[in-house]
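Q: Take this structure, written in structure tokens, and hold onto it; I'll ask about it next.
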Amino acid sequence: MSLIEQEQPLLDALRPRDRAALLALGVPRGYRTGEVLLSENATTSYVVALLGGWATVSVSTERGSRLILALRGAGELVGELAAMDRRPRSATVTALGDVDAVVIPGDRFRGFLAASPAVSALAFRQLGSRLRSADGERRSLASENVLQRLAARLLELAVRTGRRAADGSVTVDLPLPQHDLAASVGSTREAVAKALRLLRERGIVRTATRQIAVVELEPLRLLAGEGSEPGRPTV
């Protein structure tokens, strides 16, 4: 399971002049917490380049619930698939906190890729990576229970976004409300609250409003089925 891009963000991978040229095609735009950047099934084709903050990528399920497939942060693009294939949006992108961005019209983005084969190759590679990650998320929903998925999610968030405190705990540095955490593991808020209570009782995590601190990483690894390996990333 992985919500956060494993590869270097596209904007960071570009040469400085290519990054500047791409951003010059768009218009700066800010989004507030909960504001929708892109809507699933919309026929718009603009691309949003994220310069600061985090956004969730989610899809609607047949049961009418919401499943978060990814988190996107600074340096990443969202909406490029619809810009490339000119089909309806495949997901909704929502600001998790305040987001700074540049909105690039789809036709300008396509023209930029056509004139820049190296950038086009990077964009397609990123799309492929994201599709594989989304497939992995769906597989985990079919094969793991809520506690396993939650443990894997908390471990990823701690390793990728965590801040080490003086007492050795790791605070997840994202304003992730419990309903979004539930949507990120494909479960209900009630089931996730029950799993979090179990983790608190075992002294593995501490929780507060929109804040989670991981006290012990190794138990999360064991619950997630990852085990402990030499050289595994730590925070």
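Chain labels run A, B, ... following the order of the structure tokens; each chain numbers its residues from 1, and ligands are numbered from 1 in the order shown.
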Can you tell me, as a PyMOL selection string, what residues are no more than 8 Å from region 14-23 of chain A when counting only C-alpha atoms, ignoring any on the same chain fewer than 4 positions away?

A: chain A and resi 10+27+49+102+104+109+112+119

Q: Please give the complete set of residues from region 70-152 of chain A that DSSP, run on the backbone, assigns to strand (DSSP E), formatted as a PDB file with all heavy atoms, in the first residue's frame.

A:
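Output (out-v1.pdb):
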ATOM      1  N   ALA A  70      -4.652   8.215  -3.193  1.00  0.00           N
ATOM      2  CA  ALA A  70      -3.318   8.813  -3.160  1.00  0.00           C
ATOM      3  C   ALA A  70      -3.342  10.157  -2.451  1.00  0.00           C
ATOM      4  O   ALA A  70      -4.388  10.787  -2.291  1.00  0.00           O
ATOM      5  CB  ALA A  70      -2.782   8.995  -4.586  1.00  0.00           C
ATOM      6  N   LEU A  71      -2.167  10.565  -2.015  1.00  0.00           N
ATOM      7  CA  LEU A  71      -1.920  11.918  -1.541  1.00  0.00           C
ATOM      8  C   LEU A  71      -0.914  12.552  -2.485  1.00  0.00           C
ATOM      9  O   LEU A  71       0.081  11.923  -2.855  1.00  0.00           O
ATOM     10  CB  LEU A  71      -1.348  11.910  -0.120  1.00  0.00           C
ATOM     11  CG  LEU A  71      -2.271  11.446   1.004  1.00  0.00           C
ATOM     12  CD1 LEU A  71      -1.480  11.355   2.315  1.00  0.00           C
ATOM     13  CD2 LEU A  71      -3.441  12.396   1.168  1.00  0.00           C
ATOM     14  N   ARG A  72      -1.169  13.785  -2.889  1.00  0.00           N
ATOM     15  CA  ARG A  72      -0.253  14.502  -3.759  1.00  0.00           C
ATOM     16  C   ARG A  72       0.256  15.755  -3.046  1.00  0.00           C
ATOM     17  O   ARG A  72      -0.512  16.453  -2.387  1.00  0.00           O
ATOM     18  CB  ARG A  72      -0.953  14.901  -5.063  1.00  0.00           C
ATOM     19  CG  ARG A  72      -1.519  13.719  -5.839  1.00  0.00           C
ATOM     20  CD  ARG A  72      -0.431  12.856  -6.418  1.00  0.00           C
ATOM     21  NE  ARG A  72      -0.977  11.712  -7.144  1.00  0.00           N
ATOM     22  CZ  ARG A  72      -0.575  10.482  -6.986  1.00  0.00           C
ATOM     23  NH1 ARG A  72       0.387  10.194  -6.136  1.00  0.00           N
ATOM     24  NH2 ARG A  72      -1.109   9.492  -7.676  1.00  0.00           N
ATOM     25  N   LEU A  77       2.062  16.946 -10.254  1.00  0.00           N
ATOM     26  CA  LEU A  77       0.976  17.391 -11.117  1.00  0.00           C
ATOM     27  C   LEU A  77      -0.244  16.524 -10.868  1.00  0.00           C
ATOM     28  O   LEU A  77      -0.128  15.324 -10.610  1.00  0.00           O
ATOM     29  CB  LEU A  77       1.362  17.273 -12.594  1.00  0.00           C
ATOM     30  CG  LEU A  77       2.570  18.052 -13.102  1.00  0.00           C
ATOM     31  CD1 LEU A  77       2.735  17.823 -14.602  1.00  0.00           C
ATOM     32  CD2 LEU A  77       2.457  19.525 -12.800  1.00  0.00           C
ATOM     33  N   VAL A  78      -1.428  17.122 -10.964  1.00  0.00           N
ATOM     34  CA  VAL A  78      -2.680  16.368 -10.934  1.00  0.00           C
ATOM     35  C   VAL A  78      -3.526  16.820 -12.115  1.00  0.00           C
ATOM     36  O   VAL A  78      -3.460  17.964 -12.542  1.00  0.00           O
ATOM     37  CB  VAL A  78      -3.455  16.570  -9.614  1.00  0.00           C
ATOM     38  CG1 VAL A  78      -2.720  15.942  -8.448  1.00  0.00           C
ATOM     39  CG2 VAL A  78      -3.709  18.052  -9.325  1.00  0.00           C
ATOM     40  N   THR A  92     -11.427  12.561  -8.039  1.00  0.00           N
ATOM     41  CA  THR A  92     -11.584  13.892  -7.455  1.00  0.00           C
ATOM     42  C   THR A  92     -10.327  14.231  -6.664  1.00  0.00           C
ATOM     43  O   THR A  92      -9.812  13.384  -5.924  1.00  0.00           O
ATOM     44  CB  THR A  92     -12.805  13.944  -6.524  1.00  0.00           C
ATOM     45  OG1 THR A  92     -13.990  13.749  -7.308  1.00  0.00           O
ATOM     46  CG2 THR A  92     -12.906  15.282  -5.803  1.00  0.00           C
ATOM     47  N   VAL A  93      -9.840  15.442  -6.811  1.00  0.00           N
ATOM     48  CA  VAL A  93      -8.680  15.912  -6.058  1.00  0.00           C
ATOM     49  C   VAL A  93      -9.140  17.047  -5.153  1.00  0.00           C
ATOM     50  O   VAL A  93      -9.732  18.025  -5.621  1.00  0.00           O
ATOM     51  CB  VAL A  93      -7.552  16.398  -6.995  1.00  0.00           C
ATOM     52  CG1 VAL A  93      -6.359  16.894  -6.178  1.00  0.00           C
ATOM     53  CG2 VAL A  93      -7.120  15.271  -7.932  1.00  0.00           C
ATOM     54  N   THR A  94      -8.877  16.905  -3.839  1.00  0.00           N
ATOM     55  CA  THR A  94      -9.369  17.844  -2.837  1.00  0.00           C
ATOM     56  C   THR A  94      -8.227  18.330  -1.959  1.00  0.00           C
ATOM     57  O   THR A  94      -7.374  17.532  -1.546  1.00  0.00           O
ATOM     58  CB  THR A  94     -10.426  17.161  -1.938  1.00  0.00           C
ATOM     59  OG1 THR A  94     -11.421  16.540  -2.767  1.00  0.00           O
ATOM     60  CG2 THR A  94     -11.088  18.168  -1.010  1.00  0.00           C
ATOM     61  N   ALA A  95      -8.215  19.612  -1.661  1.00  0.00           N
ATOM     62  CA  ALA A  95      -7.169  20.177  -0.804  1.00  0.00           C
ATOM     63  C   ALA A  95      -7.302  19.630   0.609  1.00  0.00           C
ATOM     64  O   ALA A  95      -8.358  19.725   1.227  1.00  0.00           O
ATOM     65  CB  ALA A  95      -7.267  21.700  -0.794  1.00  0.00           C
ATOM     66  N   VAL A  99      -3.460  24.914  -0.140  1.00  0.00           N
ATOM     67  CA  VAL A  99      -2.628  24.469  -1.257  1.00  0.00           C
ATOM     68  C   VAL A  99      -2.287  25.654  -2.155  1.00  0.00           C
ATOM     69  O   VAL A  99      -3.164  26.436  -2.520  1.00  0.00           O
ATOM     70  CB  VAL A  99      -3.353  23.378  -2.082  1.00  0.00           C
ATOM     71  CG1 VAL A  99      -2.603  23.088  -3.380  1.00  0.00           C
ATOM     72  CG2 VAL A  99      -3.515  22.112  -1.267  1.00  0.00           C
ATOM     73  N   ASP A 100      -1.009  25.773  -2.496  1.00  0.00           N
ATOM     74  CA  ASP A 100      -0.563  26.740  -3.498  1.00  0.00           C
ATOM     75  C   ASP A 100      -0.303  25.991  -4.790  1.00  0.00           C
ATOM     76  O   ASP A 100       0.346  24.932  -4.792  1.00  0.00           O
ATOM     77  CB  ASP A 100       0.723  27.441  -3.043  1.00  0.00           C
ATOM     78  CG  ASP A 100       0.506  28.329  -1.826  1.00  0.00           C
ATOM     79  OD1 ASP A 100      -0.560  28.981  -1.763  1.00  0.00           O
ATOM     80  OD2 ASP A 100       1.377  28.357  -0.941  1.00  0.00           O
ATOM     81  N   ALA A 101      -0.793  26.527  -5.899  1.00  0.00           N
ATOM     82  CA  ALA A 101      -0.707  25.789  -7.155  1.00  0.00           C
ATOM     83  C   ALA A 101      -0.643  26.727  -8.349  1.00  0.00           C
ATOM     84  O   ALA A 101      -0.805  27.948  -8.223  1.00  0.00           O
ATOM     85  CB  ALA A 101      -1.913  24.859  -7.287  1.00  0.00           C
ATOM     86  N   VAL A 102      -0.397  26.136  -9.500  1.00  0.00           N
ATOM     87  CA  VAL A 102      -0.490  26.821 -10.787  1.00  0.00           C
ATOM     88  C   VAL A 102      -1.409  25.993 -11.672  1.00  0.00           C
ATOM     89  O   VAL A 102      -1.213  24.782 -11.818  1.00  0.00           O
ATOM     90  CB  VAL A 102       0.890  26.975 -11.457  1.00  0.00           C
ATOM     91  CG1 VAL A 102       0.749  27.500 -12.885  1.00  0.00           C
ATOM     92  CG2 VAL A 102       1.780  27.911 -10.644  1.00  0.00           C
ATOM     93  N   VAL A 103      -2.431  26.624 -12.248  1.00  0.00           N
ATOM     94  CA  VAL A 103      -3.394  25.940 -13.105  1.00  0.00           C
ATOM     95  C   VAL A 103      -3.006  26.167 -14.564  1.00  0.00           C
ATOM     96  O   VAL A 103      -2.904  27.303 -15.016  1.00  0.00           O
ATOM     97  CB  VAL A 103      -4.823  26.447 -12.843  1.00  0.00           C
ATOM     98  CG1 VAL A 103      -5.820  25.751 -13.766  1.00  0.00           C
ATOM     99  CG2 VAL A 103      -5.209  26.225 -11.380  1.00  0.00           C
ATOM    100  N   ILE A 104      -2.775  25.060 -15.278  1.00  0.00           N
ATOM    101  CA  ILE A 104      -2.283  25.117 -16.657  1.00  0.00           C
ATOM    102  C   ILE A 104      -3.364  24.592 -17.597  1.00  0.00           C
ATOM    103  O   ILE A 104      -3.822  23.452 -17.436  1.00  0.00           O
ATOM    104  CB  ILE A 104      -1.005  24.269 -16.813  1.00  0.00           C
ATOM    105  CG1 ILE A 104       0.062  24.719 -15.803  1.00  0.00           C
ATOM    106  CG2 ILE A 104      -0.476  24.338 -18.241  1.00  0.00           C
ATOM    107  CD1 ILE A 104       1.241  23.768 -15.692  1.00  0.00           C
TER     108      ILE A 104
END

Q: How close does each residue of region 74-158 of chain A get to region 189-206 of chain A, giving the shortest atom pair and distance in Å to one decimal for every residue with an atom at most 9 Å away, counting only C-alpha atoms, sorted by chain and residue number, as JSON lines?

A:
{"residue": "A:Val146", "atom": "CA", "partner": "A:Val192", "partner_atom": "CA", "distance": 7.1}
{"residue": "A:Leu147", "atom": "CA", "partner": "A:Ala195", "partner_atom": "CA", "distance": 5.8}
{"residue": "A:Leu150", "atom": "CA", "partner": "A:Val192", "partner_atom": "CA", "distance": 7.4}
{"residue": "A:Ala151", "atom": "CA", "partner": "A:Leu199", "partner_atom": "CA", "distance": 8.9}

Q: Which residues are close to Leu67 (chain A), i.e. within 12 Å by only C-alpha atoms, leaving aside same-chain residues fewer than 5 positions away? Reply as a ChimeraX atom specification.

A: /A:3,56-62,91-93,134,137-138,141,179-188

Q: So that I can check the surroundings of Gln126 (chain A), please list as an mmCIF file with all heavy atoms, in the first residue's frame every protein, DNA and RNA residue that reaches within 9 Å of it, counting only C-alpha atoms and ignoring chain neighbours fewer than 6 positions away.

A:
data_model
loop_
_atom_site.group_PDB
_atom_site.id
_atom_site.type_symbol
_atom_site.label_atom_id
_atom_site.label_comp_id
_atom_site.auth_asym_id
_atom_site.auth_seq_id
_atom_site.Cartn_x
_atom_site.Cartn_y
_atom_site.Cartn_z
ATOM 1 N N GLU A 5 3.588 9.301 -3.559
ATOM 2 C CA GLU A 5 4.446 8.985 -4.702
ATOM 3 C C GLU A 5 5.822 8.515 -4.243
ATOM 4 O O GLU A 5 6.471 9.144 -3.418
ATOM 5 C CB GLU A 5 4.608 10.236 -5.567
ATOM 6 C CG GLU A 5 5.185 9.982 -6.930
ATOM 7 C CD GLU A 5 4.143 9.511 -7.926
ATOM 8 O OE1 GLU A 5 3.178 10.242 -8.174
ATOM 9 O OE2 GLU A 5 4.312 8.399 -8.438
ATOM 10 N N GLU A 7 8.397 7.929 -6.438
ATOM 11 C CA GLU A 7 9.411 8.539 -7.282
ATOM 12 C C GLU A 7 9.521 10.037 -7.014
ATOM 13 O O GLU A 7 8.673 10.643 -6.363
ATOM 14 C CB GLU A 7 9.079 8.296 -8.756
ATOM 15 C CG GLU A 7 9.060 6.824 -9.139
ATOM 16 C CD GLU A 7 8.826 6.624 -10.623
ATOM 17 O OE1 GLU A 7 8.759 7.638 -11.351
ATOM 18 O OE2 GLU A 7 8.719 5.468 -11.051
ATOM 19 N N PRO A 9 9.045 13.836 -7.441
ATOM 20 C CA PRO A 9 7.959 14.598 -8.066
ATOM 21 C C PRO A 9 8.385 15.146 -9.429
ATOM 22 O O PRO A 9 9.545 15.510 -9.630
ATOM 23 C CB PRO A 9 7.709 15.734 -7.064
ATOM 24 C CG PRO A 9 8.153 15.177 -5.753
ATOM 25 C CD PRO A 9 9.336 14.309 -6.073
ATOM 26 N N LEU A 10 7.440 15.195 -10.348
ATOM 27 C CA LEU A 10 7.759 15.570 -11.721
ATOM 28 C C LEU A 10 8.423 16.939 -11.824
ATOM 29 O O LEU A 10 9.427 17.097 -12.520
ATOM 30 C CB LEU A 10 6.481 15.553 -12.567
ATOM 31 C CG LEU A 10 6.668 15.901 -14.043
ATOM 32 C CD1 LEU A 10 7.556 14.874 -14.728
ATOM 33 C CD2 LEU A 10 5.330 16.002 -14.751
#

Q: So what do you get for CA of Gly128 (chain A) versus CA of Glu144 (chain A), distance-wise?

A: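 CA of Glu144 (chain A) lies at a distance of 24.2 Å from CA of Gly128 (chain A).
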
Q: Which residue out of A:Ala55, A:Ala158, A:Ala152, A:Val214 has the minimum interatomic distance to Glu226 (chain A) when only C-alpha atoms are used?

A: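 Closest residue, counting only C-alpha atoms: A:Ala152.
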
Q: Tell me which of A:Ser120, A:Gln148, A:Ser45, A:Gln211 sits closest to Pro175 (chain A), counting only C-alpha atoms.

A: A:Gln211

Q: With distances taken over only C-alpha atoms, which residue among A:Arg89, A:Glu80, A:Arg63, A:Arg108 lies nearest Ser39 (chain A)?

A: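 Of A:Arg89, A:Glu80, A:Arg63, A:Arg108, the one nearest Ser39 (chain A) is A:Arg89, counting only C-alpha atoms.
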